[in-house]
>>> print(open('structure-v6.cif').read())   # mmCIF, C-alpha atoms
data_protein
loop_
_atom_site.label_atom_id
_atom_site.label_comp_id
_atom_site.auth_asym_id
_atom_site.auth_seq_id
_atom_site.Cartn_x
_atom_site.Cartn_y
_atom_site.Cartn_z
CA MET A 1 -58.38 -186.55 -151.88
CA LYS A 2 -55.09 -186.70 -149.98
CA THR A 3 -52.14 -188.19 -151.86
CA THR A 4 -48.67 -189.31 -150.81
CA GLU A 5 -45.64 -189.59 -153.07
CA VAL A 6 -44.13 -193.06 -153.28
CA MET A 7 -41.40 -193.85 -155.80
CA ASP A 8 -42.20 -190.64 -157.72
CA TYR A 9 -45.93 -191.35 -158.04
CA HIS A 10 -48.71 -189.68 -156.10
CA PHE A 11 -50.85 -192.44 -154.59
CA ILE A 12 -54.14 -191.79 -152.86
CA ASN A 13 -53.70 -192.06 -149.09
CA SER A 14 -57.14 -193.08 -147.93
CA ASP A 15 -59.24 -195.98 -146.76
CA ILE A 16 -61.44 -197.61 -149.39
CA ASN A 17 -64.74 -196.28 -148.01
CA SER A 18 -63.62 -192.65 -148.10
CA PHE A 19 -62.23 -193.10 -151.59
CA VAL A 20 -65.46 -194.61 -152.92
CA GLN A 21 -67.37 -191.69 -151.42
CA ASP A 22 -65.08 -189.32 -153.30
CA LEU A 23 -65.76 -191.26 -156.50
CA ASN A 24 -69.50 -191.08 -155.81
CA ASN A 25 -69.23 -187.30 -155.73
CA ARG A 26 -67.43 -187.26 -159.08
CA LEU A 27 -70.01 -189.59 -160.61
CA ALA A 28 -72.82 -187.39 -159.31
CA ASN A 29 -71.20 -184.40 -161.02
CA ARG A 30 -70.58 -186.39 -164.23
CA LEU A 31 -66.83 -185.77 -164.09
CA LYS A 32 -64.60 -187.95 -166.24
CA THR A 33 -62.37 -190.01 -163.98
CA PHE A 34 -59.36 -192.17 -164.84
CA ILE A 35 -58.23 -194.58 -162.11
CA ILE A 36 -55.04 -196.64 -162.22
CA THR A 37 -54.49 -199.37 -159.65
CA ALA A 38 -50.71 -199.58 -159.48
CA ASN A 39 -48.57 -202.37 -158.02
CA PRO A 40 -44.77 -202.82 -158.12
CA GLU A 41 -44.98 -204.55 -161.53
CA ILE A 42 -46.65 -201.52 -163.06
CA ILE A 43 -44.27 -199.04 -161.41
CA MET A 44 -41.21 -200.98 -162.56
CA TYR A 45 -42.60 -201.29 -166.08
CA ALA A 46 -43.23 -197.56 -166.18
CA GLY A 47 -39.60 -197.00 -165.21
CA GLU A 48 -38.58 -198.62 -168.49
CA ASP A 49 -41.31 -197.09 -170.64
CA PRO A 50 -41.54 -193.26 -170.62
CA GLU A 51 -44.80 -193.24 -172.59
CA PHE A 52 -46.49 -195.53 -170.08
CA ARG A 53 -45.07 -193.46 -167.23
CA ASP A 54 -46.79 -190.42 -168.76
CA VAL A 55 -50.07 -192.35 -168.91
CA ILE A 56 -49.85 -193.08 -165.18
CA HIS A 57 -49.20 -189.44 -164.39
CA LYS A 58 -52.28 -188.45 -166.42
CA ALA A 59 -54.59 -190.53 -164.23
CA ASP A 60 -56.87 -188.72 -161.81
CA TYR A 61 -56.12 -191.28 -159.13
CA ILE A 62 -53.30 -193.77 -158.59
CA VAL A 63 -54.38 -196.46 -156.16
CA PRO A 64 -51.88 -198.52 -154.10
CA ASP A 65 -52.78 -202.01 -155.33
CA GLY A 66 -49.98 -204.18 -154.04
CA ALA A 67 -48.46 -204.82 -150.64
CA GLY A 68 -45.08 -203.88 -152.07
CA VAL A 69 -46.22 -200.30 -152.64
CA VAL A 70 -47.46 -199.98 -149.06
CA ILE A 71 -44.26 -201.50 -147.65
CA ALA A 72 -42.16 -199.18 -149.82
CA SER A 73 -44.12 -196.19 -148.48
CA ARG A 74 -43.19 -197.23 -144.94
CA ILE A 75 -39.53 -197.70 -145.87
CA LEU A 76 -39.51 -194.21 -147.34
CA GLY A 77 -41.11 -192.72 -144.23
CA THR A 78 -44.30 -191.71 -146.07
CA PRO A 79 -46.70 -194.48 -145.00
CA LEU A 80 -49.89 -195.08 -146.94
CA MET A 81 -53.02 -195.73 -144.91
CA GLU A 82 -53.80 -199.06 -146.54
CA ARG A 83 -53.57 -201.20 -149.62
CA ILE A 84 -56.63 -200.96 -151.87
CA THR A 85 -56.80 -203.85 -154.30
CA GLY A 86 -58.32 -203.33 -157.71
CA PHE A 87 -60.67 -206.25 -157.14
CA ASP A 88 -61.98 -204.89 -153.82
CA LEU A 89 -62.33 -201.40 -155.27
CA MET A 90 -64.29 -202.76 -158.22
CA GLN A 91 -66.67 -204.56 -155.85
CA GLU A 92 -67.25 -201.44 -153.76
CA ILE A 93 -67.87 -199.34 -156.86
CA LEU A 94 -70.38 -201.92 -158.11
CA LYS A 95 -72.11 -201.82 -154.74
CA ALA A 96 -72.32 -198.03 -154.91
CA ALA A 97 -73.47 -198.13 -158.54
CA GLU A 98 -76.33 -200.46 -157.68
CA LYS A 99 -77.40 -198.20 -154.82
CA LYS A 100 -77.12 -194.94 -156.79
CA GLY A 101 -78.45 -196.27 -160.09
CA TYR A 102 -75.29 -195.81 -162.15
CA SER A 103 -74.89 -197.89 -165.29
CA VAL A 104 -71.81 -200.06 -165.86
CA TYR A 105 -70.06 -201.42 -168.95
CA PHE A 106 -67.58 -204.33 -168.82
CA LEU A 107 -64.76 -204.67 -171.34
CA GLY A 108 -62.11 -207.39 -171.46
CA ALA A 109 -61.29 -211.09 -171.01
CA GLU A 110 -62.25 -214.00 -173.27
CA PRO A 111 -65.77 -214.06 -174.77
CA GLU A 112 -67.03 -216.86 -172.53
CA VAL A 113 -65.34 -215.35 -169.46
CA ILE A 114 -66.81 -211.85 -169.82
CA GLU A 115 -70.27 -213.30 -170.46
CA LYS A 116 -70.06 -215.48 -167.37
CA ALA A 117 -68.60 -212.64 -165.28
CA ALA A 118 -71.38 -210.26 -166.32
CA GLY A 119 -73.97 -212.87 -165.36
CA LYS A 120 -72.30 -213.46 -162.00
CA ILE A 121 -72.15 -209.71 -161.29
CA GLN A 122 -75.81 -209.33 -162.18
CA GLY A 123 -76.60 -212.13 -159.74
CA ASP A 124 -74.56 -210.51 -156.99
CA PHE A 125 -76.02 -207.06 -157.68
CA PRO A 126 -79.55 -207.73 -158.99
CA GLN A 127 -80.52 -204.05 -159.20
CA LEU A 128 -77.34 -203.06 -161.06
CA ASN A 129 -77.87 -201.44 -164.46
CA ILE A 130 -75.48 -203.28 -166.80
CA ALA A 131 -75.21 -201.17 -169.93
CA GLY A 132 -73.33 -203.91 -171.80
CA TYR A 133 -70.15 -205.91 -172.10
CA HIS A 134 -67.58 -206.88 -174.73
CA HIS A 135 -64.67 -209.31 -174.74
CA GLY A 136 -61.08 -208.12 -174.92
CA TYR A 137 -60.33 -209.35 -178.44
CA ILE A 138 -60.90 -206.01 -180.10
CA GLU A 139 -60.81 -205.87 -183.89
CA ASP A 140 -62.21 -202.39 -184.44
CA ASP A 141 -61.67 -199.78 -181.74
CA THR A 142 -63.88 -197.25 -183.52
CA GLU A 143 -66.88 -199.58 -183.63
CA LEU A 144 -66.42 -200.55 -179.99
CA VAL A 145 -66.05 -196.96 -178.80
CA ASN A 146 -69.16 -195.96 -180.73
CA GLU A 147 -71.08 -198.83 -179.12
CA ILE A 148 -70.02 -197.78 -175.62
CA ARG A 149 -70.80 -194.12 -176.35
CA GLU A 150 -74.32 -195.04 -177.50
CA LYS A 151 -74.95 -196.89 -174.24
CA LYS A 152 -73.67 -193.91 -172.19
CA PRO A 153 -72.42 -195.90 -169.18
CA ASP A 154 -71.43 -194.06 -166.02
CA ILE A 155 -68.68 -196.57 -165.27
CA VAL A 156 -66.44 -198.57 -167.60
CA PHE A 157 -64.24 -201.37 -166.24
CA VAL A 158 -61.46 -202.35 -168.65
CA GLY A 159 -59.83 -205.75 -168.14
CA LEU A 160 -57.19 -205.97 -170.86
CA GLY A 161 -54.20 -206.40 -168.55
CA PHE A 162 -51.55 -203.76 -168.08
CA PRO A 163 -50.28 -201.76 -169.90
CA LYS A 164 -52.93 -202.28 -172.59
CA GLN A 165 -55.92 -201.38 -170.43
CA GLU A 166 -54.39 -198.12 -169.18
CA GLN A 167 -53.27 -197.22 -172.69
CA TRP A 168 -56.75 -197.93 -174.04
CA ILE A 169 -58.39 -195.70 -171.45
CA ASN A 170 -55.86 -192.92 -172.00
CA GLN A 171 -56.36 -193.08 -175.76
CA HIS A 172 -60.15 -193.05 -175.70
CA LEU A 173 -61.03 -190.95 -172.66
CA LYS A 174 -61.46 -187.97 -174.95
CA ASP A 175 -64.17 -189.84 -176.87
CA PHE A 176 -66.57 -189.80 -173.93
CA ASN A 177 -68.49 -186.97 -172.31
CA HIS A 178 -68.45 -188.46 -168.84
CA GLY A 179 -67.69 -191.65 -166.96
CA LEU A 180 -65.41 -193.39 -164.50
CA PHE A 181 -62.81 -195.56 -166.25
CA MET A 182 -60.69 -198.10 -164.42
CA GLY A 183 -58.42 -200.98 -165.42
CA VAL A 184 -59.30 -204.19 -163.58
CA GLY A 185 -56.68 -206.64 -164.85
CA GLY A 186 -57.73 -210.25 -164.35
CA SER A 187 -60.77 -209.48 -162.18
CA TYR A 188 -63.18 -210.95 -164.73
CA ASP A 189 -61.31 -214.27 -164.60
CA VAL A 190 -61.74 -214.37 -160.82
CA ILE A 191 -65.40 -213.35 -160.93
CA ALA A 192 -66.14 -215.96 -163.60
CA GLY A 193 -64.37 -218.63 -161.55
CA LYS A 194 -61.51 -219.23 -163.98
CA PHE A 195 -59.07 -218.44 -161.18
CA LYS A 196 -59.57 -218.30 -157.43
CA ARG A 197 -58.71 -215.34 -155.29
CA ALA A 198 -56.40 -215.93 -152.34
CA PRO A 199 -58.14 -216.76 -149.03
CA LYS A 200 -58.48 -213.92 -146.54
CA ALA A 201 -55.66 -215.32 -144.40
CA TRP A 202 -53.25 -215.11 -147.35
CA GLN A 203 -54.43 -211.58 -148.13
CA LYS A 204 -53.79 -210.44 -144.55
CA LEU A 205 -50.26 -211.87 -144.72
CA ASN A 206 -49.67 -209.98 -147.98
CA LEU A 207 -49.20 -213.28 -149.81
CA GLU A 208 -51.91 -212.86 -152.42
CA TRP A 209 -49.22 -212.48 -155.07
CA PHE A 210 -47.77 -215.90 -154.14
CA TYR A 211 -51.20 -217.55 -154.23
CA ARG A 212 -51.75 -216.18 -157.72
CA LEU A 213 -48.30 -217.33 -158.78
CA CYS A 214 -49.17 -220.86 -157.67
CA GLN A 215 -52.21 -220.76 -159.97
CA GLN A 216 -50.34 -219.09 -162.83
CA PRO A 217 -46.65 -220.16 -162.76
CA SER A 218 -46.14 -218.34 -166.05
CA ARG A 219 -46.30 -215.07 -164.09
CA TRP A 220 -42.94 -215.73 -162.39
CA ARG A 221 -41.07 -213.33 -164.65
CA ARG A 222 -43.43 -210.50 -163.75
CA MET A 223 -43.29 -211.39 -160.06
CA SER A 224 -39.49 -211.30 -160.12
CA VAL A 225 -39.61 -207.49 -160.12
CA LEU A 226 -40.87 -207.46 -156.51
CA PRO A 227 -37.46 -207.81 -154.79
CA VAL A 228 -35.96 -205.35 -157.28
CA PHE A 229 -38.69 -202.85 -156.45
CA MET A 230 -38.06 -203.19 -152.72
CA LEU A 231 -34.32 -202.76 -153.17
CA LYS A 232 -34.99 -199.66 -155.22
CA ALA A 233 -37.11 -198.25 -152.38
CA ILE A 234 -34.34 -198.97 -149.85
CA LYS A 235 -31.76 -197.31 -152.09
CA LYS A 236 -34.00 -194.27 -152.47
CA LYS A 237 -34.32 -194.06 -148.69
CA ILE A 238 -30.55 -194.22 -148.23
CA THR A 239 -29.82 -191.57 -150.87
CA ARG A 240 -32.24 -189.22 -149.16
#
>>> encode(input="structure-v6.cif", output="structure tokens")
Amino acid sequence: MKTTEVMDYHFINSDINSFVQDLNNRLANRLKTFIITANPEIIMYAGEDPEFRDVIHKADYIVPDGAGVVIASRILGTPLMERITGFDLMQEILKAAEKKGYSVYFLGAEPEVIEKAAGKIQGDFPQLNIAGYHHGYIEDDTELVNEIREKKPDIVFVGLGFPKQEQWINQHLKDFNHGLFMGVGGSYDVIAGKFKRAPKAWQKLNLEWFYRLCQQPSRWRRMSVLPVFMLKAIKKKITR
């Protein structure tokens, strides 16, 4: 899989269909796979946290989830093919899992949200093999890991929010013999209907972040890193 360096991280430079095909090949060969969907918030956070930065670098794939990352790649003269959102990637992986017969485990969100999300996913993908699900209020990691290991899922989606979900995957990847592991942030909330995803028109205008901010004003502090991230990209271009 081709990658392109943007802000010191090697992002996949591919369209979503080609990337999912690559993941299908890894699943078929039972290779452990760690995917991080990175947006400007995550990159800026990693800049302040060396341990989290190391976690990102350990991932098998870093996906450009965020218009800011794609815009920064253009500023730096190393354009990425397209933005691949974590939500869209999750949906395409689920579609492939249903077709290929891979089992999936869902971890994260509130108890009622993950239950509703799992039911909605089963309705959308009736032939999908759901190995199980568990909410994100984890009291005993050992018990949970043992439960997931017993179910032997091919794919584990972890929705604990960053950086917790990436740290959880990094910590426990060694406990599994195979599987694709990916952090999915607030995807369960959207699937369950707790929050709405931005309309297609907003997505095309790269305003999905603003739509989400309107629904969750408390995210303004996190969103404030966007202009700082862009200025950092411009400065990096100038210093080159």
>>> resolve_selection(input="structure-v6.cif", expression="the PyMOL selection byres ((chain A and resi 64-73) around 6)", output="number ranges by chain")
A: 6, 37-39, 63, 74-76, 78-80, 83-85, 206, 233
>>> axis_aligned_box(input="structure-v6.cif", around="stretch 65-74 of chain A", padding_each_side="4 Å", output="JSON")
{"center_x": -47.5, "center_y": -200.5, "center_z": -150.1, "size_x": 18.6, "size_y": 16.6, "size_z": 18.4}
>>> residues_around(input="structure-v6.cif", residues="A:Ala97", least_positions_apart="6", cutoff="10 Å", atoms="only C-alpha atoms", output="PyMOL selection string")
chain A and resi 24+27+91+103-104+125+127-130+154-155
>>> write_last_selection(input="structure-v6.cif", atoms="C-alpha atoms", output="PDB file, in the coordinates of the input")
ATOM      1  CA  ASN A  24     -69.500-191.080-155.810  1.00  0.00           C
ATOM      2  CA  LEU A  27     -70.010-189.590-160.610  1.00  0.00           C
ATOM      3  CA  GLN A  91     -66.670-204.560-155.850  1.00  0.00           C
ATOM      4  CA  SER A 103     -74.890-197.890-165.290  1.00  0.00           C
ATOM      5  CA  VAL A 104     -71.810-200.060-165.860  1.00  0.00           C
ATOM      6  CA  PHE A 125     -76.020-207.060-157.680  1.00  0.00           C
ATOM      7  CA  GLN A 127     -80.520-204.050-159.200  1.00  0.00           C
ATOM      8  CA  LEU A 128     -77.340-203.060-161.060  1.00  0.00           C
ATOM      9  CA  ASN A 129     -77.870-201.440-164.460  1.00  0.00           C
ATOM     10  CA  ILE A 130     -75.480-203.280-166.800  1.00  0.00           C
ATOM     11  CA  ASP A 154     -71.430-194.060-166.020  1.00  0.00           C
ATOM     12  CA  ILE A 155     -68.680-196.570-165.270  1.00  0.00           C
TER      13      ILE A 155
END
>>> atom_distance(input="structure-v6.cif", atom1="atom CA of A:Tyr105", atom2="atom CA of A:Phe157")
6.4 Å
>>> resolve_selection(input="structure-v6.cif", expression="the PyMOL selection byres ((chain A and resi 173-177) around 8)", output="ChimeraX atom specification")
/A:32,145,149,169-172,178-179
>>> resolve_selection(input="structure-v6.cif", expression="the PyMOL selection byres ((chain A and resi 110-113) around 9)", output="PyMOL selection string")
chain A and resi 108-109+114-118+134-137+188-189+191-194
>>> closest_residue(input="structure-v6.cif", among="A:Gly101, A:Lys164, A:Ser187, A:Asp60", to="A:Leu31", atoms="all atoms listed in the file")
A:Asp60
>>> atom_distance(input="structure-v6.cif", atom1="atom CA of A:Leu94", atom2="atom CA of A:Lys151")
17.5 Å
>>> closest_residue(input="structure-v6.cif", among="A:Tyr45, A:Tyr61, A:Phe106, A:Phe34", to="A:Phe181", atoms="all atoms listed in the file")
A:Phe34
>>> closest_residue(input="structure-v6.cif", among="A:Phe162, A:Leu180, A:Pro40, A:Trp168", to="A:Thr142", atoms="all atoms listed in the file")
A:Trp168
>>> residues_near_point(input="structure-v6.cif", point="(-45.7, -200.7, -167.0)", cutoff="12 Å", atoms="all atoms listed in the file", output="PyMOL selection string")
chain A and resi 36-56+161-167+222+225
>>> closest_residue(input="structure-v6.cif", among="A:Glu150, A:Asp140, A:Asp88, A:Asp8", to="A:Val20", atoms="all atoms listed in the file")
A:Asp88
>>> residues_around(input="structure-v6.cif", residues="A:Gly159", least_positions_apart="6", cutoff="6 Å", atoms="all atoms listed in the file", output="mmCIF file with C-alpha atoms, in the frame of the given file")
data_model
loop_
_atom_site.group_PDB
_atom_site.id
_atom_site.type_symbol
_atom_site.label_atom_id
_atom_site.label_comp_id
_atom_site.auth_asym_id
_atom_site.auth_seq_id
_atom_site.Cartn_x
_atom_site.Cartn_y
_atom_site.Cartn_z
ATOM 1 C CA LEU A 107 -64.760 -204.670 -171.340
ATOM 2 C CA GLY A 108 -62.110 -207.390 -171.460
ATOM 3 C CA GLY A 183 -58.420 -200.980 -165.420
ATOM 4 C CA VAL A 184 -59.300 -204.190 -163.580
ATOM 5 C CA GLY A 185 -56.680 -206.640 -164.850
#
>>> closest_residue(input="structure-v6.cif", among="A:Tyr133, A:Gly119, A:Asn25, A:Glu5", to="A:Ala96", atoms="only C-alpha atoms")
A:Asn25
>>> atom_distance(input="structure-v6.cif", atom1="atom CA of A:Gly77", atom2="atom CA of A:His10")
14.4 Å
>>> closest_residue(input="structure-v6.cif", among="A:Ala28, A:Asp22, A:Asp124, A:Thr4", to="A:Lys100", atoms="all atoms listed in the file")
A:Ala28
